[in-house]
Amino acid sequence: MTMEPRSFARRAAAALLLVSAAPAQIGNVSGGVLIPEEACYDVLHYDLALTVDPAQKTIEGTLAMRAKVVAPCPVFVLDLDSALTVRAVRLDGGAVPFDREPGRVRVRPEAKLAEGSTFTVEVAYGGAPQVAKNPPWSGGFTWAETADKRPWIATTCQQEGADLWWPCKDHPSDKPDTMDLHITVPKGLVDASNGTLRGREEHGDQVTWHWHIASPISNYCVALDIAPYVELDSTFTCIDGTVMPIQFFVLPEHEEHARRCMPQFLDHLHVFEQILGPYPFRAEKYGIAETPHLGMEHQTMIAYGNGFRDEQYDWLHNHELSHEWWGNLVTCRDWKDMWIHEGFGTYMQALYRERRFGRKFYDEEVRRYRTVDRAAIAPRDSKTTFEIYFGGGGSNDIYHKGALVLHTLRWQMGDEKFFAALHRFCYPTKAAEKATDGSQVRLVDTDDFVRLCSEIAGEDLAWFFEVYVRQPALPRLHSEKVGGVLKLRWETPEGLAFRLPVPVVLRGALQRVPMPDGSGELEVGDGDFVVDPDQLVLMRALPRGQ
């Protein structure tokens with residue numbers, strides 16, 4: 001998800017945009033502690049058949065879910081926003097009793113579902129879905145119009161989950177293996193969605209678009225993008241030699257601007273493949289849909305609303321594309337680890353600028369980031385989307401602080417080991433790197449990254465993450481020159497162990513001062529020195545002599 005403002009120059013000033021956009025605590029949030037009635041089954045496949053009526057701003061359809069029973073399951077639950085009415089529920093083809101609860105559908109099979117068995121439940125539903133008040137930060141349907149007054153529709157639901165508009169198990173720990181979308185819209189409109197287009201069928205004044213998603217997908221990344229689009233087709237040769245379809249769906253009036261930006265967008269893809277490994281969904285496509293909101297990381301069909309203005313570096317596209325690896329390939333199994341999506345995605349913007357324009361531009365990007373330090377960016381207890389974004393008063397820390405933690409980790413590990421860690425976190429094995437059948441998609445948490453970095457570094461780096469992501473306060477660096485010796489000492493909350501080396505430039509040369517027990521010294525004599533002038537380390541610095 002993006003939280004950057006539209007103007008590149010205003011980005012630092014809008015550091016708390018996400019917080020200011022936040023509603024009061026809302027009932028419809030995603031994730032949190034998984035309830036037993038949903039933990040008892042594992043989703044295998046969703047099939048959503050939905051008719052969208054732009055004139056009435058309503059939807060009507062059926063969601064079929066096939067799932068495997070993994071624990072005793074006398075009843076089970078699907079999530080669905082209370083704004084939508086459930087017409088009927090069928091279990092394995094027959095009508096089944098159900099209770100409509102706030103935000104949920106509780107299904108009561110006549111006989112207990114046997115562990116290890118599979119079942120298919122169909123929910124017929126419809127109504128007027130929530131309207132997104134401030135997309136993409138506040139979710140729902142956006143019912144906009146093009147300049148010539150034709151419908152321009154989009155869905156966004158990261159904060160609230162896809163149950164805003166279709167029944168599902170709304171938890172990041174359970175992705176369907178595959179999914180089908182059958183989206184019916186008025187003739188003349190195009191539905192651009194995830195996966196591969198399997199068919200387009202006209203019937204009267206309507207047309208149904210069939211998209212098949214062949215890899216596991218987070219429910220909030222399933223998207224409808226509906227407009228009188230023109231389609232810009234191309235191909236891209238991935239780093240492993242795969243020739244992949246490119247599909248950009250743009251408004252007719254923006255076609256030429258989009259064509260001019262396509263080479264840059266594909267270059268983002270090229271650089272990210274060099275750093276992280278092949279594009280994860282190359283067996284399907286890389287797609288972009290122009291949207292009436294700013295943007296979202298919808299898998300294989302990125303939502304883009306930044307206007308195609310910057311033909312050299314479009315930060316919005318860069319950020320959303322990064323989520324194809326950080327969020328869609330590598331997905332946190334609980335929202336408590338959302339910094340793996342947002343912090344890693346934000347940091348990729350700096351890495352791209354470094355690769356294409358030089359270290360100066362990397363440093364410029366990193367120095368824009370500001371931390372608030374109100375809450376841990378990777379707490380150990382389960383979180384809802386609302387809690388991880390807005391808990392403790394809210395901040396942009398899972399974005400900016402997350403990126404700065406990675407920037408500092410690069411200093412700790414060195415470039416060779418650090419970039420190996422990024423690549424292997426995406427693709428832990430050669431088999432995963434080659435896979436295109438969905439097996440490459442993984443659920444992860446922060447502990448997985450800590451273990452990987454420690455393995456590659458050849459030392460236990462738990463102390464690094466304990467200070468930077470498990471609690472909010474930054475370490476403080478005390479520095480004092482005594483005689484000709486610079487004395488350095490880390491101060492951490494509750495005396496947490498911390499041995500990050502300190503960069504010092506002495507007589508124009510960078511020195512790495514070891515801090516094995518949280519303190520260290522450097523002979524400086526009468527030479528000029530500066531502690532960390534290039535801001536390689538995330539810290540709360542104190543004036544010299546303190």
# chains A, B, ... in the order shown; residues from 1 in each chain; ligands from 1

call {"tool": "select_by_dssp", "arguments": {"residues": "segment 20-268 of chain A", "states": "strand (DSSP E or B)", "output": "NGL selection string"}}
result
:A and (31 or 41-53 or 58-69 or 73 or 76-79 or 85-91 or 94-95 or 98-101 or 104-107 or 113 or 118-127 or 131 or 134 or 138 or 140-145 or 151-156 or 168 or 178-186 or 190-192 or 196-203 or 206-213 or 225-227 or 230-237 or 243-250)

call {"tool": "atom_distance", "arguments": {"atom1": "atom CA of Val96 of chain A", "atom2": "atom CA of Pro109 of chain A"}}
result
6.2 Å

call {"tool": "residues_around", "arguments": {"residues": "Gln440 of chain A", "least_positions_apart": "3", "cutoff": "9 Å", "atoms": "only C-alpha atoms", "output": "JSON, numbers by chain"}}
result
{"A": [215, 280, 329, 330, 426, 427, 431, 432, 433, 434, 435, 436, 437]}

call {"tool": "write_last_selection", "arguments": {"atoms": "N, CA, C and O atoms", "output": "PDB file, in the first residue's frame"}}
result
ATOM      1  N   SER A 215      -1.774 -18.262  -8.726  1.00  0.00           N
ATOM      2  CA  SER A 215      -0.892 -18.310  -7.557  1.00  0.00           C
ATOM      3  C   SER A 215      -1.661 -17.852  -6.322  1.00  0.00           C
ATOM      4  O   SER A 215      -2.633 -17.102  -6.432  1.00  0.00           O
ATOM      5  N   PRO A 280       7.859 -12.530  -9.567  1.00  0.00           N
ATOM      6  CA  PRO A 280       7.268 -13.768  -9.037  1.00  0.00           C
ATOM      7  C   PRO A 280       6.146 -14.368  -9.868  1.00  0.00           C
ATOM      8  O   PRO A 280       5.931 -15.583  -9.823  1.00  0.00           O
ATOM      9  N   LEU A 329       4.701 -11.899  -3.093  1.00  0.00           N
ATOM     10  CA  LEU A 329       5.533 -13.117  -3.042  1.00  0.00           C
ATOM     11  C   LEU A 329       5.812 -13.504  -1.594  1.00  0.00           C
ATOM     12  O   LEU A 329       5.567 -14.648  -1.183  1.00  0.00           O
ATOM     13  N   VAL A 330       6.345 -12.575  -0.837  1.00  0.00           N
ATOM     14  CA  VAL A 330       6.664 -12.772   0.581  1.00  0.00           C
ATOM     15  C   VAL A 330       5.602 -12.031   1.385  1.00  0.00           C
ATOM     16  O   VAL A 330       5.530 -10.809   1.332  1.00  0.00           O
ATOM     17  N   CYS A 426      13.439 -13.456  -0.435  1.00  0.00           N
ATOM     18  CA  CYS A 426      12.451 -13.662  -1.500  1.00  0.00           C
ATOM     19  C   CYS A 426      12.453 -15.105  -1.984  1.00  0.00           C
ATOM     20  O   CYS A 426      11.402 -15.732  -2.113  1.00  0.00           O
ATOM     21  N   TYR A 427      13.653 -15.617  -2.250  1.00  0.00           N
ATOM     22  CA  TYR A 427      13.793 -16.948  -2.829  1.00  0.00           C
ATOM     23  C   TYR A 427      14.816 -17.744  -2.019  1.00  0.00           C
ATOM     24  O   TYR A 427      16.016 -17.675  -2.290  1.00  0.00           O
ATOM     25  N   ALA A 431      15.103 -23.840  -6.242  1.00  0.00           N
ATOM     26  CA  ALA A 431      13.820 -24.362  -6.723  1.00  0.00           C
ATOM     27  C   ALA A 431      12.735 -23.303  -6.620  1.00  0.00           C
ATOM     28  O   ALA A 431      11.904 -23.156  -7.527  1.00  0.00           O
ATOM     29  N   ALA A 432      12.723 -22.558  -5.515  1.00  0.00           N
ATOM     30  CA  ALA A 432      11.731 -21.495  -5.347  1.00  0.00           C
ATOM     31  C   ALA A 432      11.916 -20.412  -6.396  1.00  0.00           C
ATOM     32  O   ALA A 432      10.945 -19.858  -6.925  1.00  0.00           O
ATOM     33  N   GLU A 433      13.172 -20.114  -6.706  1.00  0.00           N
ATOM     34  CA  GLU A 433      13.458 -19.068  -7.687  1.00  0.00           C
ATOM     35  C   GLU A 433      12.987 -19.463  -9.082  1.00  0.00           C
ATOM     36  O   GLU A 433      12.599 -18.610  -9.885  1.00  0.00           O
ATOM     37  N   LYS A 434      12.990 -20.757  -9.382  1.00  0.00           N
ATOM     38  CA  LYS A 434      12.565 -21.235 -10.695  1.00  0.00           C
ATOM     39  C   LYS A 434      11.051 -21.442 -10.769  1.00  0.00           C
ATOM     40  O   LYS A 434      10.484 -21.485 -11.869  1.00  0.00           O
ATOM     41  N   ALA A 435      10.392 -21.586  -9.631  1.00  0.00           N
ATOM     42  CA  ALA A 435       8.983 -21.985  -9.609  1.00  0.00           C
ATOM     43  C   ALA A 435       8.076 -20.873 -10.141  1.00  0.00           C
ATOM     44  O   ALA A 435       8.291 -19.691  -9.866  1.00  0.00           O
ATOM     45  N   THR A 436       7.061 -21.259 -10.882  1.00  0.00           N
ATOM     46  CA  THR A 436       6.029 -20.330 -11.342  1.00  0.00           C
ATOM     47  C   THR A 436       4.630 -20.905 -11.128  1.00  0.00           C
ATOM     48  O   THR A 436       3.655 -20.384 -11.648  1.00  0.00           O
ATOM     49  N   ASP A 437       4.540 -22.003 -10.363  1.00  0.00           N
ATOM     50  CA  ASP A 437       3.267 -22.694 -10.176  1.00  0.00           C
ATOM     51  C   ASP A 437       2.549 -22.286  -8.898  1.00  0.00           C
ATOM     52  O   ASP A 437       1.556 -22.906  -8.511  1.00  0.00           O
TER      53      ASP A 437
END

call {"tool": "residues_around", "arguments": {"residues": "Ala289 of chain A", "least_positions_apart": "4", "cutoff": "9 Å", "atoms": "only C-alpha atoms", "output": "list in words"}}
result
Ala192, Ser193, Asp225, Ile226, Tyr229, Gln247, Phe248, Phe249, Val250, Met301, Ile302, Ala303, Tyr304 and Gly305 of chain A

call {"tool": "write_last_selection", "arguments": {"atoms": "N, CA, C and O atoms", "output": "JSON list (two decimals), in the first residue's frame"}}
result
[["chain", "number", "residue", "atom", "x", "y", "z"],
["A", 192, "ALA", "N", -10.39, -4.88, -15.59],
["A", 192, "ALA", "CA", -8.99, -5.28, -15.50],
["A", 192, "ALA", "C", -8.75, -5.83, -14.10],
["A", 192, "ALA", "O", -8.84, -5.09, -13.12],
["A", 193, "SER", "N", -8.45, -7.11, -14.02],
["A", 193, "SER", "CA", -8.29, -7.76, -12.71],
["A", 193, "SER", "C", -7.02, -8.61, -12.69],
["A", 193, "SER", "O", -6.22, -8.60, -13.62],
["A", 225, "ASP", "N", -11.01, -3.26, -11.49],
["A", 225, "ASP", "CA", -10.71, -1.96, -12.09],
["A", 225, "ASP", "C", -11.54, -1.88, -13.36],
["A", 225, "ASP", "O", -11.28, -2.61, -14.32],
["A", 226, "ILE", "N", -12.53, -1.01, -13.35],
["A", 226, "ILE", "CA", -13.54, -0.99, -14.41],
["A", 226, "ILE", "C", -13.60, 0.40, -15.02],
["A", 226, "ILE", "O", -13.78, 1.40, -14.31],
["A", 229, "TYR", "N", -11.34, 1.36, -20.67],
["A", 229, "TYR", "CA", -9.89, 1.32, -20.85],
["A", 229, "TYR", "C", -9.50, 1.01, -22.30],
["A", 229, "TYR", "O", -10.20, 0.30, -23.02],
["A", 247, "GLN", "N", 0.49, -5.92, -19.64],
["A", 247, "GLN", "CA", -0.82, -5.36, -19.96],
["A", 247, "GLN", "C", -1.05, -4.12, -19.12],
["A", 247, "GLN", "O", -1.16, -4.20, -17.89],
["A", 248, "PHE", "N", -1.10, -2.96, -19.78],
["A", 248, "PHE", "CA", -1.41, -1.70, -19.12],
["A", 248, "PHE", "C", -2.80, -1.27, -19.57],
["A", 248, "PHE", "O", -3.05, -1.13, -20.77],
["A", 249, "PHE", "N", -3.69, -1.06, -18.61],
["A", 249, "PHE", "CA", -5.05, -0.60, -18.89],
["A", 249, "PHE", "C", -5.15, 0.86, -18.47],
["A", 249, "PHE", "O", -5.06, 1.18, -17.28],
["A", 250, "VAL", "N", -5.34, 1.75, -19.46],
["A", 250, "VAL", "CA", -5.32, 3.19, -19.19],
["A", 250, "VAL", "C", -6.52, 3.85, -19.85],
["A", 250, "VAL", "O", -7.11, 3.32, -20.80],
["A", 301, "MET", "N", -1.81, -6.82, -11.11],
["A", 301, "MET", "CA", -2.59, -5.73, -11.70],
["A", 301, "MET", "C", -2.52, -4.53, -10.76],
["A", 301, "MET", "O", -3.46, -4.19, -10.04],
["A", 302, "ILE", "N", -1.35, -3.90, -10.74],
["A", 302, "ILE", "CA", -1.10, -2.79, -9.83],
["A", 302, "ILE", "C", -2.07, -1.65, -10.13],
["A", 302, "ILE", "O", -2.30, -1.29, -11.30],
["A", 303, "ALA", "N", -2.63, -1.09, -9.09],
["A", 303, "ALA", "CA", -3.46, 0.11, -9.22],
["A", 303, "ALA", "C", -2.54, 1.31, -9.26],
["A", 303, "ALA", "O", -1.73, 1.52, -8.35],
["A", 304, "TYR", "N", -2.69, 2.13, -10.29],
["A", 304, "TYR", "CA", -1.81, 3.28, -10.50],
["A", 304, "TYR", "C", -2.64, 4.53, -10.78],
["A", 304, "TYR", "O", -3.45, 4.53, -11.71],
["A", 305, "GLY", "N", -2.45, 5.57, -9.97],
["A", 305, "GLY", "CA", -3.19, 6.81, -10.17],
["A", 305, "GLY", "C", -2.34, 8.05, -10.04],
["A", 305, "GLY", "O", -2.81, 9.07, -9.57]]

call {"tool": "closest_residue", "arguments": {"among": "A:Thr385, A:Thr156, A:Thr242, A:Ser322", "to": "Leu276 of chain A", "atoms": "only C-alpha atoms"}}
result
A:Ser322

call {"tool": "residues_around", "arguments": {"residues": "Ala128 of chain A", "least_positions_apart": "2", "cutoff": "10 Å", "atoms": "only C-alpha atoms", "output": "PDB file with N, CA, C and O atoms, in the first residue's frame"}}
result
ATOM      1  N   ASP A  53     -23.197  -2.900 -11.078  1.00  0.00           N
ATOM      2  CA  ASP A  53     -24.150  -1.963 -11.681  1.00  0.00           C
ATOM      3  C   ASP A  53     -23.705  -0.537 -11.374  1.00  0.00           C
ATOM      4  O   ASP A  53     -23.979  -0.019 -10.283  1.00  0.00           O
ATOM      5  N   GLN A  56     -26.642   2.072 -10.412  1.00  0.00           N
ATOM      6  CA  GLN A  56     -27.227   1.947  -9.077  1.00  0.00           C
ATOM      7  C   GLN A  56     -26.169   1.892  -7.978  1.00  0.00           C
ATOM      8  O   GLN A  56     -26.505   1.941  -6.795  1.00  0.00           O
ATOM      9  N   LYS A  57     -24.903   1.755  -8.375  1.00  0.00           N
ATOM     10  CA  LYS A  57     -23.788   1.609  -7.412  1.00  0.00           C
ATOM     11  C   LYS A  57     -24.012   0.411  -6.491  1.00  0.00           C
ATOM     12  O   LYS A  57     -23.867   0.469  -5.267  1.00  0.00           O
ATOM     13  N   THR A  58     -24.376  -0.704  -7.123  1.00  0.00           N
ATOM     14  CA  THR A  58     -24.631  -1.942  -6.383  1.00  0.00           C
ATOM     15  C   THR A  58     -23.871  -3.098  -7.026  1.00  0.00           C
ATOM     16  O   THR A  58     -23.405  -3.016  -8.170  1.00  0.00           O
ATOM     17  N   ILE A  59     -23.782  -4.182  -6.255  1.00  0.00           N
ATOM     18  CA  ILE A  59     -23.183  -5.416  -6.751  1.00  0.00           C
ATOM     19  C   ILE A  59     -24.112  -6.575  -6.394  1.00  0.00           C
ATOM     20  O   ILE A  59     -24.876  -6.502  -5.415  1.00  0.00           O
ATOM     21  N   GLU A  60     -24.055  -7.626  -7.185  1.00  0.00           N
ATOM     22  CA  GLU A  60     -24.878  -8.805  -6.934  1.00  0.00           C
ATOM     23  C   GLU A  60     -24.112 -10.015  -7.445  1.00  0.00           C
ATOM     24  O   GLU A  60     -23.605 -10.010  -8.578  1.00  0.00           O
ATOM     25  N   ALA A  83     -22.949  -4.171   5.375  1.00  0.00           N
ATOM     26  CA  ALA A  83     -23.684  -3.398   4.374  1.00  0.00           C
ATOM     27  C   ALA A  83     -24.278  -4.279   3.288  1.00  0.00           C
ATOM     28  O   ALA A  83     -25.178  -3.856   2.557  1.00  0.00           O
ATOM     29  N   LEU A  84     -23.796  -5.517   3.174  1.00  0.00           N
ATOM     30  CA  LEU A  84     -24.239  -6.417   2.116  1.00  0.00           C
ATOM     31  C   LEU A  84     -25.177  -7.485   2.672  1.00  0.00           C
ATOM     32  O   LEU A  84     -24.971  -7.999   3.775  1.00  0.00           O
ATOM     33  N   THR A  85     -26.185  -7.826   1.894  1.00  0.00           N
ATOM     34  CA  THR A  85     -27.223  -8.772   2.309  1.00  0.00           C
ATOM     35  C   THR A  85     -26.907 -10.170   1.780  1.00  0.00           C
ATOM     36  O   THR A  85     -26.561 -10.326   0.600  1.00  0.00           O
ATOM     37  N   GLY A 126     -25.532  -9.533  -2.036  1.00  0.00           N
ATOM     38  CA  GLY A 126     -25.540  -8.321  -2.854  1.00  0.00           C
ATOM     39  C   GLY A 126     -25.935  -7.106  -2.055  1.00  0.00           C
ATOM     40  O   GLY A 126     -26.151  -7.164  -0.836  1.00  0.00           O
ATOM     41  N   GLN A 130     -19.793  -0.571   0.740  1.00  0.00           N
ATOM     42  CA  GLN A 130     -19.278   0.673   1.288  1.00  0.00           C
ATOM     43  C   GLN A 130     -18.562   1.472   0.212  1.00  0.00           C
ATOM     44  O   GLN A 130     -17.819   0.930  -0.603  1.00  0.00           O
ATOM     45  N   VAL A 131     -18.770   2.778   0.254  1.00  0.00           N
ATOM     46  CA  VAL A 131     -18.063   3.685  -0.641  1.00  0.00           C
ATOM     47  C   VAL A 131     -16.769   4.111   0.035  1.00  0.00           C
ATOM     48  O   VAL A 131     -16.764   4.497   1.208  1.00  0.00           O
ATOM     49  N   PHE A 141     -15.667   0.692  -2.457  1.00  0.00           N
ATOM     50  CA  PHE A 141     -15.782   0.958  -3.888  1.00  0.00           C
ATOM     51  C   PHE A 141     -15.591   2.443  -4.155  1.00  0.00           C
ATOM     52  O   PHE A 141     -16.100   3.290  -3.414  1.00  0.00           O
ATOM     53  N   TRP A 165     -16.372  -6.380   0.197  1.00  0.00           N
ATOM     54  CA  TRP A 165     -17.176  -6.550  -1.021  1.00  0.00           C
ATOM     55  C   TRP A 165     -17.356  -7.987  -1.468  1.00  0.00           C
ATOM     56  O   TRP A 165     -18.136  -8.253  -2.381  1.00  0.00           O
TER      57      TRP A 165
END

call {"tool": "closest_residue", "arguments": {"among": "A:Gly277, A:Gly139, A:Pro503, A:Pro228", "to": "Lys430 of chain A", "atoms": "only C-alpha atoms"}}
result
A:Gly277

call {"tool": "residues_around", "arguments": {"residues": "Asp314 of chain A", "least_positions_apart": "5", "cutoff": "9 Å", "atoms": "only C-alpha atoms", "output": "PyMOL selection string"}}
result
chain A and resi 261+264-265+306+308-309+319

call {"tool": "write_last_selection", "arguments": {"atoms": "N, CA and C atoms", "output": "CSV table (one decimal), in the first residue's frame"}}
result
chain,number,residue,atom,x,y,z
A,261,CYS,N,5.7,6.5,-20.5
A,261,CYS,CA,6.2,6.0,-19.2
A,261,CYS,C,6.5,4.5,-19.2
A,264,GLN,N,10.2,3.3,-18.6
A,264,GLN,CA,10.6,3.5,-17.2
A,264,GLN,C,10.0,2.5,-16.3
A,265,PHE,N,8.8,2.2,-16.4
A,265,PHE,CA,8.1,1.2,-15.6
A,265,PHE,C,8.8,-0.2,-15.7
A,306,ASN,N,-1.1,8.0,-10.5
A,306,ASN,CA,-0.1,9.1,-10.3
A,306,ASN,C,0.0,9.9,-11.5
A,308,PHE,N,1.0,9.6,-14.7
A,308,PHE,CA,2.0,9.4,-15.8
A,308,PHE,C,2.8,10.7,-16.1
A,309,ARG,N,3.1,11.4,-15.0
A,309,ARG,CA,3.7,12.8,-15.2
A,309,ARG,C,5.2,12.7,-15.2
A,319,HIS,N,7.1,2.1,-5.9
A,319,HIS,CA,6.7,1.5,-4.6
A,319,HIS,C,5.7,0.4,-4.8

call {"tool": "residues_around", "arguments": {"residues": "Gly527 of chain A", "least_positions_apart": "5", "cutoff": "10 Å", "atoms": "only C-alpha atoms", "output": "PyMOL selection string"}}
result
chain A and resi 484+506-508

call {"tool": "closest_residue", "arguments": {"among": "A:Cys221, A:Arg108, A:Met338, A:Cys453", "to": "Phe386 of chain A", "atoms": "only C-alpha atoms"}}
result
A:Met338

call {"tool": "atom_distance", "arguments": {"atom1": "atom CA of Arg104 of chain A", "atom2": "atom CA of Trp335 of chain A"}}
result
20.0 Å

call {"tool": "closest_residue", "arguments": {"among": "A:Leu409, A:Ala67, A:Ala95, A:Ala154", "to": "Thr118 of chain A", "atoms": "only C-alpha atoms"}}
result
A:Ala67
